[in-house]
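Working notes, structure below.
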Amino acid sequence: MKHLKVDPIKEGTVIDHIPANKALQVMSIIKPEKDDVVTVGINFHSKKFGRKDIVKIEGRELTTSEVNSIALVAPNANVIIIRDYDVVNKRLVQIPDAIIDSAVCGNPKCITNAEEMTTRFKTVSRQPVRLRCEYCERIFHIDELRVE
């Protein structure tokens with residue numbers, strides 16, 4: 001018999017296949033409002049990845065900027081749009097060629113850390129995720145940056 005651990009949602013977005021223990025980072029990206037209904041599952045069993053997290057937010061579809069930021073934290077995640085309890089769109093997140101204002105440069109001497117300005121990174125590689133700051137030109141592994 002199949003049991004659901006999390007109730008289905010009528011309308012909204014499901015972010016599935018988040019690496020284990022990264023759901024709270026995803027939550028900081030999507031910044032739910034105080035009235036939003038959000039379900040967070042941490043450390044669920046996954047046939048594909050061993051362990052995974054999942055986030056559901058009711059009544060809201062994510063912006064392109066939010067999905068791009070999630071791709072930096074969870075490059076194998078799926079974003080699933082639900083309408084009237086049905087999946088209407090399911091897609092794998094994709095790291096864009098350019099990341100604008102979604103991450104903080106890991107170089108403490110970078111001008112973006114001294115002045116309030118838009119950060120810009122170019123994607124150098126997707127496996128593993130490596131980004132180059134357009135201002136200081138240093139290349140960083142994604143774990144060296146703070147994703148916002």
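Ordered as shown in the structure tokens, chains take letters A, B, and onward, while each chain numbers its residues from 1 and ligands are numbered from 1 in the order shown.
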
Counting only C-alpha atoms, what are the residues of segment 114-137 of chain A within 10 Å of segment 69-85 of chain A, and for each of them which pair of atoms is the nearest and at what distance in Å, to one decimal? Sort the table by chain and rising number, as a Markdown table.
```
| residue | atom | partner | partner_atom | distance |
| --- | --- | --- | --- | --- |
| A:Arg126 | CA | A:Pro75 | CA | 8.4 |
| A:Gln127 | CA | A:Pro75 | CA | 9.1 |
| A:Pro128 | CA | A:Pro75 | CA | 9.5 |
| A:Val129 | CA | A:Leu72 | CA | 7.5 |
| A:Arg130 | CA | A:Leu72 | CA | 9.7 |
| A:Leu131 | CA | A:Leu72 | CA | 9.9 |
```

Emit the selected residues as a JSON list (two decimals), in the first residue's frame, including C-alpha atoms.
```json
[["chain", "number", "residue", "atom", "x", "y", "z"],
["A", 126, "ARG", "CA", 27.93, 23.15, -14.54],
["A", 127, "GLN", "CA", 29.46, 19.86, -13.28],
["A", 128, "PRO", "CA", 30.80, 20.83, -10.81],
["A", 129, "VAL", "CA", 29.19, 24.25, -10.56],
["A", 130, "ARG", "CA", 31.91, 26.89, -10.92],
["A", 131, "LEU", "CA", 31.21, 30.60, -11.39]]
```

Any chance you could list, as a VMD selection string, the residues in segment 40-120 of chain A that come up strand (DSSP E) when DSSP is run on the backbone? chain A and resid 40 to 46 50 to 58 78 to 83 86 to 92 98 to 100 103 to 104 120

Written selection (C-alpha atoms) as a tab-separated table (two decimals), in the first residue's frame:
```
chain	number	residue	atom	x	y	z
A	40	VAL	CA	9.26	21.30	4.05
A	41	GLY	CA	10.42	17.70	4.02
A	42	ILE	CA	13.99	16.97	5.05
A	43	ASN	CA	16.00	13.79	4.52
A	44	PHE	CA	13.35	11.76	2.64
A	45	HIS	CA	14.41	8.51	0.98
A	46	SER	CA	15.27	8.90	-2.72
A	50	GLY	CA	19.80	8.26	-1.50
A	51	ARG	CA	18.37	11.18	0.50
A	52	LYS	CA	16.54	14.30	-0.61
A	53	ASP	CA	14.57	17.29	0.63
A	54	ILE	CA	11.32	18.65	-0.79
A	55	VAL	CA	9.59	22.05	-0.52
A	56	LYS	CA	5.97	22.79	-1.43
A	57	ILE	CA	4.55	26.30	-1.52
A	58	GLU	CA	0.82	26.66	-2.03
A	78	ASN	CA	12.78	19.57	-10.31
A	79	VAL	CA	10.33	22.46	-10.22
A	80	ILE	CA	6.77	21.21	-10.56
A	81	ILE	CA	3.80	23.52	-11.15
A	82	ILE	CA	0.49	22.24	-9.77
A	83	ARG	CA	-2.96	23.50	-10.83
A	86	ASP	CA	-2.60	18.20	-11.50
A	87	VAL	CA	0.99	18.59	-12.66
A	88	VAL	CA	0.90	21.12	-15.51
A	89	ASN	CA	4.65	21.67	-15.85
A	90	LYS	CA	7.68	19.78	-14.58
A	91	ARG	CA	11.19	20.79	-15.40
A	92	LEU	CA	14.71	20.24	-14.21
A	98	ALA	CA	24.85	34.40	-16.22
A	99	ILE	CA	23.86	34.75	-12.57
A	100	ILE	CA	22.79	38.28	-11.68
A	103	ALA	CA	24.98	35.22	-5.07
A	104	VAL	CA	27.53	37.10	-3.00
A	120	ARG	CA	27.28	39.27	-11.73
```

Taking only chain A into account, list the residues labelled alpha helix (DSSP H) by DSSP (computed from the backbone), as a PyMOL selection string. chain A and resi 23-30+64-73+111-114

Same residues, C-alpha atoms, saved as a PDB file, in the first residue's frame:
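Written output follows (result_26.pdb):
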```
ATOM      1  CA  ALA A  23      15.723  22.741   2.010  1.00  0.00           C
ATOM      2  CA  LEU A  24      16.313  25.624   4.405  1.00  0.00           C
ATOM      3  CA  GLN A  25      18.619  27.266   1.860  1.00  0.00           C
ATOM      4  CA  VAL A  26      15.845  26.918  -0.715  1.00  0.00           C
ATOM      5  CA  MET A  27      13.435  28.479   1.791  1.00  0.00           C
ATOM      6  CA  SER A  28      15.766  31.470   2.181  1.00  0.00           C
ATOM      7  CA  ILE A  29      15.685  31.911  -1.612  1.00  0.00           C
ATOM      8  CA  ILE A  30      11.914  31.750  -2.035  1.00  0.00           C
ATOM      9  CA  THR A  64      12.713  32.791 -13.077  1.00  0.00           C
ATOM     10  CA  SER A  65      15.148  34.491 -10.703  1.00  0.00           C
ATOM     11  CA  GLU A  66      14.090  32.226  -7.820  1.00  0.00           C
ATOM     12  CA  VAL A  67      14.438  29.103  -9.990  1.00  0.00           C
ATOM     13  CA  ASN A  68      17.901  30.238 -11.161  1.00  0.00           C
ATOM     14  CA  SER A  69      18.995  30.737  -7.544  1.00  0.00           C
ATOM     15  CA  ILE A  70      17.625  27.326  -6.550  1.00  0.00           C
ATOM     16  CA  ALA A  71      19.666  25.792  -9.387  1.00  0.00           C
ATOM     17  CA  LEU A  72      22.813  27.026  -7.636  1.00  0.00           C
ATOM     18  CA  VAL A  73      21.871  25.262  -4.390  1.00  0.00           C
ATOM     19  CA  ILE A 111      34.237  45.668  -4.946  1.00  0.00           C
ATOM     20  CA  THR A 112      30.775  44.042  -4.708  1.00  0.00           C
ATOM     21  CA  ASN A 113      31.458  43.375  -1.018  1.00  0.00           C
ATOM     22  CA  ALA A 114      32.540  46.971  -0.359  1.00  0.00           C
TER      23      ALA A 114
END
```

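Straight-line separation from atom CA of Pro96 of chain A to atom CA of Cys136 of chain A: 19.8 Å.
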
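Of note, atom CA of Val14 of chain A and atom CA of Leu145 of chain A are spaced 25.0 Å apart.
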
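Distance-wise, atom CA of Lys31 of chain A and atom CA of Val93 of chain A end up 18.2 Å apart.
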
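The closest residue to Ser125 of chain A, picked from A:Ile139, A:Lys47, A:Pro19, A:Asp7 and counting only C-alpha atoms, is A:Ile139.
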
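When only C-alpha atoms are used to measure the gap to Glu134 of chain A, the shortest distance among A:Asp101, A:Glu11, A:Asp36, A:Glu61 belongs to A:Asp101.
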